[in-house]
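Pasting protein_32.cif here (mmCIF, C-alpha atoms):
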data_coords
loop_
_atom_site.label_atom_id
_atom_site.label_comp_id
_atom_site.auth_asym_id
_atom_site.auth_seq_id
_atom_site.Cartn_x
_atom_site.Cartn_y
_atom_site.Cartn_z
CA MET P 1402 -43.12 71.80 3.80
CA GLY P 1403 -44.57 74.96 5.30
CA GLY P 1404 -47.44 73.36 7.18
CA LEU P 1405 -46.19 74.01 10.71
CA SER P 1406 -45.38 77.66 11.25
CA LEU P 1407 -43.73 76.84 14.60
CA LEU P 1408 -41.02 74.90 12.73
CA GLN P 1409 -40.44 77.68 10.20
CA ARG P 1410 -38.20 79.80 12.43
CA GLU P 1411 -35.34 81.60 10.82
CA TRP P 1412 -32.51 83.64 12.26
CA ARG P 1413 -30.68 86.14 10.13
CA ILE P 1414 -27.69 88.31 10.74
CA LYS P 1415 -28.90 91.88 10.53
CA SER P 1416 -25.62 93.56 9.61
CA ARG P 1417 -24.00 92.96 6.25
CA PRO P 1418 -20.32 93.40 5.55
CA GLN P 1419 -19.44 95.57 2.61
CA ALA P 1420 -18.75 93.78 -0.63
CA GLY P 1421 -15.14 93.52 -1.60
CA LEU P 1422 -11.91 92.24 -0.22
CA TRP P 1423 -12.90 92.39 3.47
CA GLY P 1424 -16.49 91.24 3.05
CA ALA P 1425 -15.64 88.06 1.15
CA PRO P 1426 -13.88 86.26 4.05
CA LEU P 1427 -16.76 87.13 6.38
CA LEU P 1428 -19.28 85.77 3.92
CA GLY P 1429 -17.16 82.66 3.36
CA GLY P 1430 -16.78 82.10 7.10
CA THR P 1431 -20.53 82.44 7.64
CA PHE P 1432 -21.17 80.05 4.78
CA ALA P 1433 -18.67 77.52 6.14
CA PHE P 1434 -20.12 77.77 9.65
CA SER P 1435 -23.63 77.03 8.39
CA TRP P 1436 -22.68 74.23 5.99
CA ALA P 1437 -20.02 72.40 8.01
CA PRO P 1438 -22.50 70.04 9.74
CA CYS P 1439 -23.86 68.98 6.34
CA MET P 1440 -20.73 68.81 4.21
CA GLY P 1441 -18.22 67.62 6.83
CA PRO P 1442 -19.56 64.06 7.16
CA THR P 1443 -19.88 63.73 3.39
CA LEU P 1444 -16.30 64.83 2.80
CA ALA P 1445 -15.16 62.52 5.62
CA ALA P 1446 -16.90 59.60 3.91
CA VAL P 1447 -15.27 60.42 0.57
CA LEU P 1448 -11.85 60.67 2.19
CA ALA P 1449 -12.42 57.42 4.12
CA LEU P 1450 -13.36 55.63 0.89
CA THR P 1451 -10.30 57.15 -0.72
CA THR P 1452 -7.86 55.81 1.84
CA SER P 1453 -9.43 52.66 3.25
CA PHE P 1454 -9.70 50.29 0.29
CA GLY P 1455 -6.91 48.37 -1.36
CA PRO P 1456 -3.18 48.74 -1.29
CA THR P 1457 -1.54 52.07 -1.74
CA GLY P 1458 -0.21 52.82 -5.17
CA SER P 1459 -1.34 54.30 -8.44
CA GLY P 1460 -4.73 52.50 -8.32
CA ALA P 1461 -5.51 53.93 -4.88
CA LEU P 1462 -4.36 57.35 -6.00
CA LEU P 1463 -6.61 57.22 -9.07
CA ARG P 1464 -9.55 56.04 -6.99
CA GLY P 1465 -9.04 58.85 -4.49
CA THR P 1466 -8.71 61.40 -7.26
CA ILE P 1467 -11.94 60.25 -8.93
CA LEU P 1468 -13.90 60.23 -5.68
CA THR P 1469 -12.62 63.64 -4.57
CA LEU P 1470 -13.18 65.15 -8.02
CA SER P 1471 -16.75 63.79 -8.04
CA TYR P 1472 -17.35 65.30 -4.61
CA CYS P 1473 -16.02 68.69 -5.69
CA LEU P 1474 -18.01 68.71 -8.93
CA GLY P 1475 -21.19 67.65 -7.13
CA LEU P 1476 -20.74 70.50 -4.69
CA GLY P 1477 -19.56 73.16 -7.15
CA ILE P 1478 -21.63 72.66 -10.30
CA PRO P 1479 -24.97 73.71 -8.75
CA PHE P 1480 -23.41 76.94 -7.50
CA LEU P 1481 -21.89 77.64 -10.91
CA LEU P 1482 -25.22 77.01 -12.63
CA VAL P 1483 -27.08 79.34 -10.28
CA SER P 1484 -24.46 82.05 -10.78
CA LEU P 1485 -24.73 81.70 -14.57
CA LEU P 1486 -28.50 81.94 -14.34
CA LEU P 1487 -28.22 85.06 -12.19
CA ILE P 1488 -25.75 86.73 -14.53
CA ARG P 1489 -27.11 85.75 -17.93
CA GLY P 1490 -30.70 84.85 -17.40
CA GLY P 1491 -32.34 86.63 -14.51
CA GLY P 1492 -35.70 85.63 -15.95
CA ARG P 1493 -34.91 81.97 -15.36
CA MET P 1494 -34.29 82.63 -11.69
CA ARG P 1495 -37.60 84.47 -11.64
CA TRP P 1496 -39.27 81.10 -12.27
CA VAL P 1497 -37.62 79.73 -9.14
CA LYS P 1498 -38.85 82.72 -7.11
CA ASP P 1499 -42.37 82.32 -8.49
CA HIS P 1500 -42.45 78.61 -7.66
CA HIS P 1501 -40.50 78.56 -4.38
CA VAL P 1502 -43.48 77.19 -2.41
CA ALA P 1503 -43.85 74.21 -4.76
CA ILE P 1504 -40.09 73.65 -4.73
CA THR P 1505 -40.06 73.73 -0.91
CA ARG P 1506 -42.96 71.27 -0.72
CA ALA P 1507 -41.34 68.94 -3.25
CA GLY P 1508 -38.12 68.99 -1.22
CA GLY P 1509 -40.09 68.28 1.95
CA ALA P 1510 -41.86 65.38 0.26
CA VAL P 1511 -38.49 63.94 -0.80
CA LEU P 1512 -37.22 64.22 2.79
CA ILE P 1513 -40.35 62.51 4.12
CA GLY P 1514 -39.91 59.76 1.52
CA ILE P 1515 -36.31 59.24 2.56
CA GLY P 1516 -37.43 59.14 6.20
CA ILE P 1517 -39.93 56.40 5.38
CA LEU P 1518 -37.23 54.49 3.51
CA LEU P 1519 -34.95 54.84 6.56
CA ILE P 1520 -37.61 53.61 8.97
CA THR P 1521 -38.52 50.60 6.83
CA GLY P 1522 -34.87 49.64 6.22
CA VAL P 1523 -35.11 49.99 2.45
CA TRP P 1524 -32.64 52.88 2.50
CA THR P 1525 -30.07 50.71 4.29
CA GLN P 1526 -30.44 48.00 1.64
CA TRP P 1527 -29.90 50.56 -1.13
CA VAL P 1528 -26.87 52.05 0.58
CA ASN P 1529 -25.39 48.60 1.21
CA GLY P 1530 -25.82 47.80 -2.48
CA LEU P 1531 -24.07 51.04 -3.41
CA GLN P 1532 -21.26 50.31 -0.94
CA GLY P 1533 -20.78 46.93 -2.59
CA LEU P 1534 -20.65 48.62 -5.97
CA ILE P 1535 -18.20 51.31 -4.85
CA GLY P 1536 -16.16 48.86 -2.77
CA GLY P 1537 -15.68 46.73 -5.86
CA PHE P 1538 -14.37 49.70 -7.83
CA SER P 1539 -11.23 48.80 -9.63
CA THR P 1540 -8.92 50.62 -11.96
CA VAL P 1541 -6.87 49.49 -14.88
CA VAL P 1542 -3.27 50.46 -14.33
#
Step by step, read the file and then write its structure as structure tokens.
Amino acid sequence: MGGLSLLQREWRIKSRPQAGLWGAPLLGGTFAFSWAPCMGPTLAAVLALTTSFGPTGSGALLRGTILTLSYCLGLGIPFLLVSLLLIRGGGRMRWVKDHHVAITRAGGAVLIGIGILLITGVWTQWVNGLQGLIGGFSTVV
């Protein structure tokens, strides 16, 4: 949340590849390297839910398709929205720049809240309820 400067360390790569055909894979590789620890377990959970419940067949295929599509949309839509805001409405992104401290503190408060929910066991109860809801997912064939 910005209160402890010791925990606000940041490392940046000083050199930048040129934009274009050769720079894009480098940027993508850097992005993948930094996000793999966050996105890998989530994708693994989606794929496990896709393959672990019920008999194989058209229902399982539909379930897997819906879960994977939801994962992809949840990951991609925020990036598409930010790119649209950058291209069409730079002034809207200006608001984010102007309020980045409040946004950072709000995000930190959410993380602290989730931590409290984890410590008290409330988060586990919520997740178990969601697992029961998702585990009971059925399709009409």
Exercise. Quick one: distance from atom CA of Gly1509 of chain P to atom CA of Met1402 of chain P in Å, one decimal?
Worked result: 5.0 Å
Exercise. So how many Å separate atom CA of Leu1470 of chain P and atom CA of Gly1508 of chain P, to one decimal?
Worked result: 26.1 Å
For this session: Mind giving me the straight-line distance from atom CA of Val1447 of chain P to atom CA of Leu1534 of chain P in Å, one decimal?
Result: 14.5 Å
Exercise. Excluding same-chain residues fewer than 2 positions from Gly1403 of chain P, what lies within 8 Å of it counting only C-alpha atoms, as a PyMOL selection string?
Worked result: chain P and resi 1405-1406+1409+1505-1506
Residues from last step as file, C-alpha atoms, as a PDB file, in the frame of the given file:
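Saved to again.pdb:
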ATOM      1  CA  LEU P1405     -46.190  74.010  10.710  1.00  0.00           C
ATOM      2  CA  SER P1406     -45.380  77.660  11.250  1.00  0.00           C
ATOM      3  CA  GLN P1409     -40.440  77.680  10.200  1.00  0.00           C
ATOM      4  CA  THR P1505     -40.060  73.730  -0.910  1.00  0.00           C
ATOM      5  CA  ARG P1506     -42.960  71.270  -0.720  1.00  0.00           C
TER       6      ARG P1506
END
Problem set entry | Nearest to Thr1452 of chain P, chosen from P:Leu1428, P:Leu1468, P:Ala1437, P:Val1502, with all atoms listed in the file counted in the distances |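 For Thr1452 of chain P, the nearest of the given residues is P:Leu1468.
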Exercise. Which residue out of P:Leu1487, P:Ile1478, P:Leu1427, P:Ala1446 has the minimum interatomic distance to Gly1465 of chain P when all atoms listed in the file are used?
Worked result: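 Looking only at the distances to Gly1465 of chain P, the closest residue turns out to be P:Ala1446.
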Restore all heavy atoms in segment 1521-1532 of chain P and list the result as a CSV table (one decimal), in the frame of the given file.
chain,number,residue,atom,x,y,z
P,1521,THR,N,-38.2,52.0,7.3
P,1521,THR,CA,-38.5,50.6,6.8
P,1521,THR,C,-37.3,49.8,6.5
P,1521,THR,O,-37.4,48.6,6.3
P,1521,THR,CB,-39.4,50.7,5.5
P,1521,THR,OG1,-38.6,51.4,4.5
P,1521,THR,CG2,-40.7,51.4,5.8
P,1522,GLY,N,-36.1,50.4,6.5
P,1522,GLY,CA,-34.9,49.6,6.2
P,1522,GLY,C,-34.5,49.5,4.7
P,1522,GLY,O,-33.5,49.0,4.4
P,1523,VAL,N,-35.4,50.0,3.9
P,1523,VAL,CA,-35.1,50.0,2.4
P,1523,VAL,C,-33.9,50.8,2.1
P,1523,VAL,O,-33.1,50.5,1.3
P,1523,VAL,CB,-36.4,50.4,1.6
P,1523,VAL,CG1,-36.0,50.5,0.2
P,1523,VAL,CG2,-37.5,49.5,1.9
P,1524,TRP,N,-33.8,52.0,2.8
P,1524,TRP,CA,-32.6,52.9,2.5
P,1524,TRP,C,-31.3,52.2,2.8
P,1524,TRP,O,-30.4,52.3,2.0
P,1524,TRP,CB,-32.8,54.2,3.3
P,1524,TRP,CG,-31.7,55.2,3.0
P,1524,TRP,CD1,-30.6,55.4,3.7
P,1524,TRP,CD2,-31.7,56.1,2.0
P,1524,TRP,NE1,-29.9,56.4,3.1
P,1524,TRP,CE2,-30.6,56.9,2.0
P,1524,TRP,CE3,-32.6,56.4,0.9
P,1524,TRP,CZ2,-30.3,57.9,1.2
P,1524,TRP,CZ3,-32.3,57.4,0.1
P,1524,TRP,CH2,-31.2,58.2,0.2
P,1525,THR,N,-31.3,51.4,3.9
P,1525,THR,CA,-30.1,50.7,4.3
P,1525,THR,C,-29.7,49.7,3.2
P,1525,THR,O,-28.5,49.5,2.9
P,1525,THR,CB,-30.3,50.0,5.7
P,1525,THR,OG1,-30.6,51.0,6.6
P,1525,THR,CG2,-29.0,49.3,6.1
P,1526,GLN,N,-30.7,49.0,2.7
P,1526,GLN,CA,-30.4,48.0,1.6
P,1526,GLN,C,-29.9,48.7,0.4
P,1526,GLN,O,-28.9,48.2,-0.2
P,1526,GLN,CB,-31.7,47.3,1.3
P,1526,GLN,CG,-32.2,46.3,2.4
P,1526,GLN,CD,-33.6,45.7,2.0
P,1526,GLN,OE1,-34.2,46.1,1.1
P,1526,GLN,NE2,-34.0,44.8,2.9
P,1527,TRP,N,-30.4,49.8,0.0
P,1527,TRP,CA,-29.9,50.6,-1.1
P,1527,TRP,C,-28.5,51.0,-0.9
P,1527,TRP,O,-27.6,50.9,-1.8
P,1527,TRP,CB,-30.8,51.8,-1.4
P,1527,TRP,CG,-32.1,51.5,-2.1
P,1527,TRP,CD1,-32.5,50.2,-2.5
P,1527,TRP,CD2,-33.1,52.4,-2.3
P,1527,TRP,NE1,-33.8,50.3,-3.0
P,1527,TRP,CE2,-34.2,51.6,-2.9
P,1527,TRP,CE3,-33.3,53.7,-2.2
P,1527,TRP,CZ2,-35.4,52.2,-3.3
P,1527,TRP,CZ3,-34.5,54.3,-2.6
P,1527,TRP,CH2,-35.5,53.6,-3.1
P,1528,VAL,N,-28.2,51.6,0.3
P,1528,VAL,CA,-26.9,52.0,0.6
P,1528,VAL,C,-25.9,50.9,0.6
P,1528,VAL,O,-24.8,51.0,0.1
P,1528,VAL,CB,-26.9,52.8,1.9
P,1528,VAL,CG1,-25.4,53.1,2.4
P,1528,VAL,CG2,-27.6,54.2,1.7
P,1529,ASN,N,-26.3,49.8,1.2
P,1529,ASN,CA,-25.4,48.6,1.2
P,1529,ASN,C,-25.1,48.1,-0.2
P,1529,ASN,O,-23.9,47.7,-0.5
P,1529,ASN,CB,-26.0,47.5,2.0
P,1529,ASN,CG,-26.0,47.8,3.5
P,1529,ASN,OD1,-25.2,48.6,4.0
P,1529,ASN,ND2,-26.8,47.1,4.3
P,1530,GLY,N,-26.1,48.2,-1.1
P,1530,GLY,CA,-25.8,47.8,-2.5
P,1530,GLY,C,-24.8,48.8,-3.1
P,1530,GLY,O,-24.0,48.4,-3.9
P,1531,LEU,N,-25.0,50.1,-2.9
P,1531,LEU,CA,-24.1,51.0,-3.4
P,1531,LEU,C,-22.7,50.9,-2.8
P,1531,LEU,O,-21.7,51.0,-3.6
P,1531,LEU,CB,-24.6,52.5,-3.1
P,1531,LEU,CG,-25.8,52.9,-3.9
P,1531,LEU,CD1,-26.2,54.3,-3.4
P,1531,LEU,CD2,-25.4,53.0,-5.4
P,1532,GLN,N,-22.6,50.5,-1.5
P,1532,GLN,CA,-21.3,50.3,-0.9
P,1532,GLN,C,-20.6,49.1,-1.6
P,1532,GLN,O,-19.4,49.1,-1.8
P,1532,GLN,CB,-21.4,50.1,0.6
P,1532,GLN,CG,-21.7,51.4,1.3
P,1532,GLN,CD,-21.9,51.1,2.8
P,1532,GLN,OE1,-22.2,50.0,3.2
P,1532,GLN,NE2,-21.7,52.2,3.6
